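S.K.: Contents of data-v5.txt (compact mmCIF, C-alpha atoms) are below:
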# COMPACT_ATOMS: atom_id res chain seq x y z
CA MET A 1 0.00 0.00 0.00
CA PRO A 2 1.54 3.34 -1.01
CA THR A 3 2.61 5.90 1.56
CA LYS A 4 0.70 9.15 1.24
CA ALA A 5 -0.42 12.15 3.28
CA LEU A 6 -3.63 11.61 5.23
CA PRO A 7 -5.91 14.10 6.99
CA THR A 8 -5.12 14.89 10.62
CA MET A 9 -8.25 12.99 11.67
CA VAL A 10 -9.40 10.40 9.15
CA THR A 11 -13.17 10.49 8.68
CA TYR A 12 -15.50 7.67 7.61
CA HIS A 13 -16.39 9.73 4.55
CA TYR A 14 -12.72 9.79 3.56
CA LEU A 15 -12.29 6.03 4.11
CA GLN A 16 -15.35 5.29 2.02
CA ARG A 17 -13.83 7.12 -0.95
CA ASP A 18 -10.13 6.30 -0.61
CA PRO A 19 -9.13 3.37 -2.91
CA ASP A 20 -6.73 1.92 -0.32
CA PHE A 21 -9.45 1.50 2.31
CA ARG A 22 -12.71 1.56 0.35
CA MET A 23 -12.98 -2.20 -0.24
CA LEU A 24 -12.72 -3.09 3.44
CA PHE A 25 -14.65 -0.09 4.70
CA THR A 26 -17.68 -0.78 2.50
CA ASN A 27 -17.81 -4.42 3.70
CA ARG A 28 -19.34 -3.34 6.98
CA ILE A 29 -21.46 -5.68 9.09
CA THR A 30 -24.19 -3.62 10.75
CA THR A 31 -26.97 -6.07 11.71
CA MET A 32 -27.32 -9.02 14.05
CA ASP A 33 -28.45 -11.19 11.14
CA ASP A 34 -25.30 -10.44 9.14
CA LEU A 35 -23.09 -11.09 12.18
CA TYR A 36 -24.90 -14.39 12.72
CA GLN A 37 -24.28 -15.40 9.10
CA ALA A 38 -20.57 -14.59 9.42
CA VAL A 39 -20.34 -16.83 12.49
CA VAL A 40 -22.39 -19.82 11.32
CA SER A 41 -20.54 -19.99 8.02
CA GLY A 42 -17.54 -21.40 9.90
CA LYS A 43 -15.27 -19.61 7.42
CA SER A 44 -14.63 -16.42 9.39
CA ALA A 45 -12.09 -15.79 12.10
CA PHE A 46 -12.30 -12.57 14.13
CA ILE A 47 -9.68 -10.10 15.30
CA ALA A 48 -10.69 -7.49 17.85
CA LEU A 49 -8.74 -4.23 17.75
CA ASP A 50 -8.50 -1.52 20.39
CA THR A 51 -6.22 1.49 20.76
CA GLU A 52 -5.34 3.68 23.71
CA HIS A 53 -4.28 7.23 22.92
CA VAL A 54 -3.42 10.27 25.00
CA PRO A 55 -4.02 13.99 24.40
CA VAL A 56 -0.93 16.14 24.88
CA GLU A 57 -1.54 19.91 24.95
CA SER A 58 -5.07 19.59 23.51
CA GLN A 59 -7.70 16.97 22.69
CA SER A 60 -6.98 17.35 18.98
CA ASN A 61 -3.29 16.47 19.42
CA ARG A 62 -3.29 12.85 20.56
CA ILE A 63 -0.52 10.26 20.51
CA LEU A 64 -0.95 6.51 20.13
CA HIS A 65 0.05 4.87 23.40
CA GLN A 66 -1.03 1.23 23.16
CA VAL A 67 -2.56 -1.24 20.67
CA GLY A 68 -4.41 -4.42 21.61
CA LEU A 69 -5.39 -7.35 19.38
CA THR A 70 -7.22 -10.58 20.17
CA TYR A 71 -7.75 -13.40 17.68
CA LEU A 72 -10.74 -15.75 17.68
CA PRO A 73 -10.13 -18.69 15.30
CA ALA A 74 -12.84 -19.83 12.91
CA THR A 75 -12.81 -23.20 14.68
CA SER A 76 -14.10 -21.46 17.83
CA THR A 77 -16.79 -19.26 16.27
CA ALA A 78 -19.47 -21.90 16.89
CA PHE A 79 -18.92 -21.32 20.62
CA LEU A 80 -20.01 -17.71 20.11
CA LEU A 81 -23.53 -18.98 19.51
CA ASN A 82 -23.64 -20.42 23.02
CA ALA A 83 -23.22 -17.60 25.52
CA PRO A 84 -22.47 -18.93 29.04
CA ASN A 85 -25.49 -18.97 31.34
CA THR A 86 -23.61 -18.52 34.62
CA SER A 87 -24.76 -15.57 36.72
CA ARG A 88 -21.22 -14.38 37.35
CA LYS A 89 -19.16 -14.58 34.16
CA ARG A 90 -15.39 -14.12 34.03
CA LEU A 91 -13.32 -12.89 31.09
CA SER A 92 -10.60 -15.44 31.87
CA ASP A 93 -13.10 -18.30 31.41
CA PHE A 94 -14.27 -16.77 28.13
CA TYR A 95 -10.66 -16.34 26.94
CA ASN A 96 -9.74 -19.96 27.65
CA THR A 97 -12.97 -21.50 26.38
CA GLN A 98 -12.81 -19.66 23.07
CA GLN A 99 -9.09 -20.46 22.56
CA LEU A 100 -8.27 -16.81 22.07
CA GLN A 101 -4.82 -15.36 21.35
CA SER A 102 -4.05 -11.85 22.52
CA LEU A 103 -1.27 -9.30 22.08
CA THR A 104 -0.72 -5.94 23.77
CA LEU A 105 1.77 -3.55 22.18
CA ASN A 106 3.05 -0.64 24.29
CA ILE A 107 4.35 2.23 22.17
CA GLU A 108 7.69 3.53 23.41
CA LEU A 109 7.52 7.29 23.90
CA SER A 110 10.46 9.54 23.13
CA ASN A 111 11.94 11.63 25.94
CA GLU A 112 10.44 14.71 24.30
CA LEU A 113 6.93 13.23 24.29
CA GLN A 114 7.30 12.10 27.90
CA GLU A 115 8.34 15.61 28.90
CA ASP A 116 5.39 17.09 26.97
CA LEU A 117 2.94 14.74 28.71
CA ILE A 118 4.32 15.64 32.13
CA ARG A 119 4.27 19.36 31.31
CA PHE A 120 0.72 19.44 29.89
CA ARG A 121 -0.96 16.57 31.76
CA GLY A 122 1.15 16.24 34.88
CA HIS A 123 1.84 12.53 34.35
CA ILE A 124 2.30 9.68 31.86
CA PRO A 125 -0.62 7.20 31.91
CA ASN A 126 0.27 4.09 33.90
CA ARG A 127 -1.63 1.29 32.20
CA ARG A 128 -2.68 -1.97 33.78
CA LEU A 129 -0.65 -5.02 32.83
CA SER A 130 -2.43 -7.29 30.37
CA ARG A 131 -4.06 -10.36 31.89
CA PHE A 132 -4.20 -12.22 28.58
CA GLY A 133 -1.67 -13.35 25.99
CA HIS A 134 1.59 -11.48 25.46
CA GLU A 135 2.61 -7.91 26.11
CA GLN A 136 5.63 -6.11 24.71
CA HIS A 137 7.15 -2.65 24.25
CA ILE A 138 7.80 -1.52 20.73
CA HIS A 139 8.92 1.53 18.76
CA ILE A 140 6.21 3.19 16.69
CA ASP A 141 8.19 2.46 13.50
CA SER A 142 7.97 -1.30 14.22
CA LEU A 143 4.28 -1.29 15.10
CA GLU A 144 2.94 -2.19 11.67
CA SER A 145 5.27 -5.16 11.19
CA ALA A 146 4.52 -6.44 14.71
CA ILE A 147 0.78 -6.36 14.04
CA ILE A 148 1.16 -8.15 10.71
CA ARG A 149 3.33 -10.84 12.33
CA PHE A 150 0.64 -11.42 14.94
CA ILE A 151 -2.09 -11.73 12.28
CA GLN A 152 0.02 -14.13 10.23
CA SER A 153 1.02 -16.26 13.21
CA CYS A 154 -2.62 -16.68 14.21
CA HIS A 155 -4.09 -17.08 10.77
CA ASN A 156 -1.53 -19.11 8.79
CA PRO A 157 -2.49 -22.42 10.50
CA ASN A 158 -6.08 -21.79 9.31
CA PRO A 159 -5.95 -21.30 5.52
CA GLY A 160 -9.15 -20.72 3.60
CA THR A 161 -10.75 -18.56 6.26
CA GLU A 162 -11.45 -14.85 6.21
CA ILE A 163 -10.77 -12.41 9.03
CA VAL A 164 -13.43 -10.05 10.32
CA LEU A 165 -12.14 -6.94 12.11
CA VAL A 166 -14.12 -6.25 15.30
CA GLY A 167 -14.20 -3.20 17.54
CA PHE A 168 -16.35 -1.05 19.77
CA GLU A 169 -16.82 2.59 18.77
CA MET A 170 -14.12 2.35 16.12
CA ALA A 171 -13.48 5.91 14.91
CA ALA A 172 -10.09 6.05 16.67
CA GLU A 173 -9.15 2.52 15.54
CA TRP A 174 -9.81 3.40 11.89
CA ASN A 175 -7.76 6.56 12.30
CA TYR A 176 -4.68 4.69 13.55
CA LEU A 177 -5.22 1.70 11.27
CA SER A 178 -5.14 3.95 8.22
CA LYS A 179 -2.20 6.04 9.46
CA ASN A 180 0.07 3.76 11.48
CA PHE A 181 -0.51 0.23 10.18
CA PRO A 182 -2.34 0.44 6.81
CA LYS A 183 -0.57 -2.67 5.46
CA ALA A 184 -2.73 -4.72 7.84
CA VAL A 185 -5.89 -3.67 5.97
CA PRO A 186 -5.71 -6.34 3.20
CA TYR A 187 -5.78 -9.11 5.82
CA PHE A 188 -9.39 -8.24 6.70
CA SER A 189 -12.40 -9.12 4.55
CA SER A 190 -15.00 -7.15 6.51
CA TRP A 191 -15.45 -5.26 9.76
CA VAL A 192 -18.02 -4.78 12.49
CA ASP A 193 -18.45 -2.09 15.11
CA LEU A 194 -20.43 -3.77 17.89
CA ARG A 195 -22.22 -0.50 18.60
CA ASP A 196 -23.91 -0.96 15.21
CA ILE A 197 -25.09 -4.41 16.30
CA GLY A 198 -26.30 -3.03 19.63
CA LYS A 199 -28.29 -0.34 17.83
CA ASP A 200 -29.77 -2.95 15.51
CA ILE A 201 -30.85 -5.04 18.52
CA THR A 202 -32.35 -2.15 20.48
CA SER A 203 -33.44 0.23 17.66
CA ALA A 204 -31.84 2.95 19.79
CA LYS A 205 -29.69 5.88 18.69
CA GLU A 206 -27.60 5.84 21.87
CA LEU A 207 -26.11 2.88 23.74
CA PRO A 208 -24.30 2.35 27.04
CA GLY A 209 -20.50 2.24 27.05
CA ARG A 210 -18.39 -0.92 26.79
CA VAL A 211 -18.31 -1.61 30.53
CA SER A 212 -22.08 -1.24 30.88
CA MET A 213 -22.57 -3.50 27.87
CA LEU A 214 -20.60 -6.21 29.70
CA LEU A 215 -22.43 -5.68 32.98
CA THR A 216 -25.71 -6.44 31.20
CA PRO A 217 -24.95 -10.15 30.52
CA GLY A 218 -23.46 -10.68 33.99
CA TYR A 219 -19.76 -9.79 33.93
CA TYR A 220 -18.51 -8.20 37.15
CA TRP A 221 -17.15 -4.66 36.79
CA LYS A 222 -13.95 -5.40 38.79
CA ASP A 223 -13.25 -8.30 36.44
CA ILE A 224 -13.85 -6.05 33.43
CA LYS A 225 -11.55 -3.28 34.67
CA GLY A 226 -8.89 -5.52 36.25
CA SER A 227 -6.62 -4.77 39.17
CA ASN A 228 -5.18 -1.29 39.77
CA LYS A 229 -2.19 -2.75 41.60
CA ASN A 230 0.29 -2.07 38.78
CA GLY A 231 -1.59 0.66 36.93
CA SER A 232 -4.97 2.33 36.65
CA ALA A 233 -5.37 3.24 32.97
CA ASP A 234 -7.14 0.87 30.55
CA ASN A 235 -5.21 -1.92 28.85
CA ALA A 236 -5.98 -2.25 25.13
CA GLY A 237 -5.30 -6.00 25.05
CA ASP A 238 -7.75 -6.69 27.88
CA ASP A 239 -10.31 -4.45 26.18
CA THR A 240 -10.18 -6.53 22.99
CA VAL A 241 -11.04 -9.65 25.00
CA SER A 242 -14.02 -7.81 26.46
CA ILE A 243 -15.08 -6.69 22.97
CA LEU A 244 -15.31 -10.30 21.83
CA ALA A 245 -17.18 -11.14 25.04
CA ILE A 246 -19.80 -8.54 24.06
CA ALA A 247 -20.13 -10.18 20.64
CA ASN A 248 -20.60 -13.53 22.39
CA ALA A 249 -23.28 -12.07 24.69
CA PHE A 250 -25.27 -10.74 21.72
CA PHE A 251 -26.05 -14.29 20.58
CA ASP A 252 -28.08 -15.03 23.71
CA PRO A 253 -31.74 -13.91 23.30
CA GLY A 254 -31.93 -13.28 27.05
CA ASN A 255 -28.97 -10.92 26.88
CA ARG A 256 -30.54 -9.08 23.95
CA ASP A 257 -33.74 -8.62 25.98
CA ARG A 258 -31.72 -7.36 28.96
CA LEU A 259 -29.88 -4.91 26.72
CA ARG A 260 -33.20 -3.59 25.35
CA SER A 261 -34.48 -3.12 28.91
CA ARG A 262 -31.28 -1.38 29.99
CA VAL A 263 -31.35 0.99 27.03
CA ALA A 264 -35.07 1.73 27.55
CA GLN A 265 -34.41 2.48 31.22
CA GLN A 266 -31.50 4.74 30.25
CA THR A 267 -33.68 6.54 27.70
CA ARG A 268 -36.46 7.11 30.27
CA LYS A 269 -33.95 8.35 32.82
CA LYS A 270 -32.48 10.78 30.30
CA ALA A 271 -35.95 11.97 29.29
CA ASN A 272 -36.91 12.53 32.93
CA SER A 273 -33.67 14.41 33.49
CA LEU A 274 -34.38 16.63 30.47
CA ASP A 275 -37.91 17.27 31.76
CA GLU A 276 -36.54 18.19 35.19
CA ASN A 277 -33.97 20.51 33.65
CA LYS A 278 -36.65 22.08 31.44
CA THR A 279 -38.94 22.60 34.45
CA ALA A 280 -36.10 24.11 36.48
CA LEU A 281 -35.23 26.40 33.57
CA LEU A 282 -38.84 27.53 33.18
CA GLN A 283 -39.08 28.14 36.91
CA ALA A 284 -35.86 30.12 36.82
CA MET A 285 -37.13 32.12 33.84
CA SER A 286 -40.45 32.70 35.60
CA THR A 287 -38.68 33.86 38.75
CA SER A 288 -36.43 36.10 36.68
CA GLU A 289 -39.43 37.59 34.87
CA ILE A 290 -41.23 38.27 38.17
CA LYS A 291 -38.16 39.99 39.57
CA GLU A 292 -37.76 42.05 36.40
CA LYS A 293 -41.41 43.13 36.47
CA GLN A 294 -41.05 44.02 40.15
CA ARG A 295 -37.91 46.03 39.38
CA LEU A 296 -39.69 47.89 36.59
CA ARG A 297 -42.65 48.68 38.85
CA GLU A 298 -40.35 49.97 41.59
CA SER A 299 -38.37 51.98 39.04
CA LYS A 300 -41.56 53.49 37.63
CA LYS A 301 -42.81 54.26 41.13
CA ALA A 302 -39.50 55.92 42.00
CA ARG A 303 -39.66 58.06 38.85
CA GLY A 304 -43.20 59.04 39.76
CA SER A 305 -42.11 60.11 43.24
CA GLU A 306 -39.27 62.20 41.77
CA SER A 307 -41.72 63.88 39.40
CA ASP A 308 -44.11 64.69 42.25
CA PHE A 309 -41.26 66.08 44.33
CA ALA A 310 -40.10 68.25 41.41
CA SER A 311 -43.65 69.61 41.05
CA LEU A 312 -43.75 70.48 44.73
CA GLY A 313 -40.40 72.23 44.39
CA GLU A 314 -41.77 74.38 41.60
CA THR A 315 -44.79 75.26 43.75
CA PHE A 316 -42.92 76.27 46.91
CA ILE A 317 -39.57 77.42 45.55
CA GLY A 318 -40.75 79.32 42.50
CA PRO A 319 -40.13 83.08 41.97
Could you spell out this file's structure in structure tokens?
M.R.:
Amino acid sequence: MPTKALPTMVTYHYLQRDPDFRMLFTNRITTMDDLYQAVVSGKSAFIALDTEHVPVESQSNRILHQVGLTYLPATSTAFLLNAPNTSRKRLSDFYNTQQLQSLTLNIELSNELQEDLIRFRGHIPNRRLSRFGHEQHIHIDSLESAIIRFIQSCHNPNPGTEIVLVGFEMAAEWNYLSKNFPKAVPYFSSWVDLRDIGKDITSAKELPGRVSMLLTPGYYWKDIKGSNKNGSADNAGDDTVSILAIANAFFDPGNRDRLRSRVAQQTRKKANSLDENKTALLQAMSTSEIKEKQRLRESKKARGSESDFASLGETFIGP
């Protein structure tokens, strides 16, 4: 794939038109039915992608800090159709049952970037250690080759299968995929943002975040976030395991019903909050109007008193 200048922030509109990314970008899975077909075919493996990035002096100037990838082989996709029914699910059980392979790549920051982060943010994010697969530190220039090696090492033993790229709220992932490791693009046949699937299930415009989506089928939030013993910031590799766990949960009708209920409850709560804010605003406006009318009446009364006093002055002080 040729090297060329890209926009500062790559948009979906750009990706849809660019010949280097158009083929993959247009093969987008957006419905539960299409995701189901990709799984039951037995010919699709899945790779979940997540990135962690940090703003420096502003939100628009962000640096890539960590990349996570998790591979689900086509031989395990049938397991996706059978979401575990235990009340307290664990990501480690999901990882082992599905025979996943995971990689976390920590981007080495130059001394200059470290100094900038400390100057503008006060610290460098201390990320949790990955609980799954391998984790390594790597220079940004070696990132693309490391990602391709991981894809090849996972996929070469399974010829004849396609790879579906999976993510959750993928605008940032597409940005870094197109800029920092575009040579990985041809390895994927299609892609799915699980927020699209969630919206298809619930017919909602807004969905809960990734953690809430995992709480819905019964994962425990401490298990989702992991221990803060060696760091408190998110780990991209762990997040890719949780992304595949969300995909797994979608195949259980009970989980889909629970997600619909959660989203409906969230929508009602937001609507009630908007109504309360609107009422408070109207009350504030009403109070403000009353005070303004009272001020005008007092001002008019004061002017009237001054006029009367001036008239009296003319009567008693005249020539």
S.K.: Give the answer as one residue: which of A:Thr267, A:Asn126, A:Ser60, A:Ser189 has the shortest atom-to-atom distance to A:Ser44, using only C-alpha atoms?
M.R.: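 The answer is A:Ser189, which sits nearest to A:Ser44.
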S.K.: For a quick check of your reading of the model, name the residues lying within 12 Å of the coordinate (-21.0, -19.9, 15.3), counting only C-alpha atoms, and write them as a list in words.
M.R.: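 Using only C-alpha atoms, the matching residues come out as Leu35, Tyr36, Gln37, Ala38, Val39, Val40, Ser41, Gly42, Lys43, Ser44, Ala45, Phe46, Leu72, Pro73, Ala74, Thr75, Ser76, Thr77, Ala78, Phe79, Leu80, Leu81, Asn82, Ala83, Gln98, Ala247, Asn248, Phe250 and Phe251 of chain A.
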S.K.: Which residues come within 12 Å of A:Trp221, counting all atoms listed in the file, excluding same-chain residues fewer than 2 positions away, as a list in words?
M.R.: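 These residues fall inside the cut-off: Arg88, Lys89, Arg90, Leu91, Arg210, Val211, Ser212, Met213, Leu214, Leu215, Thr216, Pro217, Gly218, Tyr219, Asp223, Ile224, Lys225, Gly226, Ser227 and Ser242 of chain A.
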S.K.: A:Gln66, A:Thr104, A:Thr26, A:Thr202: which is nearest A:Val263, counting only C-alpha atoms?
M.R.: A:Thr202
S.K.: Using all atoms listed in the file, which of the listed residues (A:Leu109, A:Phe21, A:Gly198, A:Thr30) sits closest to A:Arg258?
M.R.: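 Nearest candidate to A:Arg258 out of A:Leu109, A:Phe21, A:Gly198, A:Thr30: A:Gly198.
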S.K.: Check which residues of stretch 102-123 of chain A sit at most 8 Å from stretch 138-157 of chain A using all atoms listed in the file, and return one row each with the closest pair of atoms and their distance in Å to one decimal, ordered by chain and rising number, as JSON lines.
M.R.:
{"residue": "A:Leu103", "atom": "CA", "partner": "A:Phe150", "partner_atom": "CA", "distance": 7.7}
{"residue": "A:Leu105", "atom": "CA", "partner": "A:Ile138", "partner_atom": "CA", "distance": 6.5}
{"residue": "A:Asn106", "atom": "CA", "partner": "A:Ile138", "partner_atom": "CA", "distance": 6.0}
{"residue": "A:Ile107", "atom": "CA", "partner": "A:Ile138", "partner_atom": "CA", "distance": 5.3}
{"residue": "A:Glu108", "atom": "CA", "partner": "A:His139", "partner_atom": "CA", "distance": 5.2}
{"residue": "A:Leu109", "atom": "CA", "partner": "A:His139", "partner_atom": "CA", "distance": 7.8}
S.K.: From the set A:Arg119, A:Ala171, A:Ala184, A:Thr31, which residue has the shortest atom-to-atom contact distance to A:His13, counting all atoms listed in the file?
M.R.: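 The answer is A:Ala171, which sits nearest to A:His13.
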S.K.: For A:Ala48, which residue among A:Gly122, A:Gly160, A:Gly237, A:Gly209 is the nearest when counting all atoms listed in the file?
M.R.: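 Ranking A:Gly122, A:Gly160, A:Gly237, A:Gly209 by distance to A:Ala48, first place goes to A:Gly237.
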S.K.: What gap, in Å, lies between atom CA of A:Arg131 and atom CA of A:Asp50?
M.R.: 15.2 Å
S.K.: Please report the interatomic distance between atom CA of A:Tyr71 and atom CA of A:Leu100 in Å with one decimal.
M.R.: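 We find that atom CA of A:Tyr71 and atom CA of A:Leu100 lie 5.6 Å from each other.
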S.K.: Expressed in Å to a single decimal, how great is the separation between atom CA of A:Leu15 and atom CA of A:Met170?
M.R.: 12.7 Å
